[in-house]
Amino acid sequence: MIYWVAIVIACSTPSALSCNAIMKPTPFATEAKCREDVQMAIQYFYEKGVYAKAGCESVKIGDFGA
């Protein structure tokens, strides 16, 4: 089964040293739901004056022995 994980990189200054990678611990069943959550996260960070980039990555869960 394929799930989607939201990943956000948020930076408080233009320096890469100020950046933090954030991953939501709960996966999404669809890419659309993941992208919706990512857009809300980007908007939240922008409103706080934090530069943010985000995306969704697919993760295959189950069938690890196959």
# chains A, B, ... in the order shown; residues from 1 in each chain; ligands from 1
call {"tool": "residues_around", "arguments": {"residues": "Thr30 of chain A", "least_positions_apart": "5", "cutoff": "12 Å", "atoms": "only C-alpha atoms", "output": "list in words"}}
result
Met1, Ile2, Tyr3, Trp4, Val5, Ala6, Arg35, Glu36, Asp37, Cys56, Glu57, Ser58 and Val59 of chain A
call {"tool": "residues_around", "arguments": {"residues": "Ile9 of chain A", "least_positions_apart": "3", "cutoff": "12 Å", "atoms": "only C-alpha atoms", "output": "list of chain:residue names"}}
result
A:Ala6, A:Ser12, A:Ala16, A:Leu17, A:Ser18, A:Cys19, A:Asn20, A:Ala21, A:Ile22, A:Met23, A:Lys24, A:Val38, A:Ala41, A:Ile42, A:Phe45, A:Val50, A:Tyr51, A:Ala52, A:Lys53, A:Ala54, A:Gly55, A:Cys56
call {"tool": "select_by_dssp", "arguments": {"residues": "chain A", "states": "alpha helix (DSSP H)", "output": "list of chain:residue names"}}
result
A:Glu31, A:Ala32, A:Lys33, A:Cys34, A:Arg35, A:Glu36, A:Asp37, A:Val38, A:Gln39, A:Met40, A:Ala41, A:Ile42, A:Gln43, A:Tyr44, A:Phe45, A:Tyr46, A:Glu47
call {"tool": "select_by_dssp", "arguments": {"residues": "chain A", "states": "strand (DSSP E or B)", "output": "NGL selection string"}}
result
:A and (2-11 or 19-23 or 28 or 51-60)
call {"tool": "atom_distance", "arguments": {"atom1": "atom CA of Cys34 of chain A", "atom2": "atom CA of Glu47 of chain A"}}
result
20.2 Å
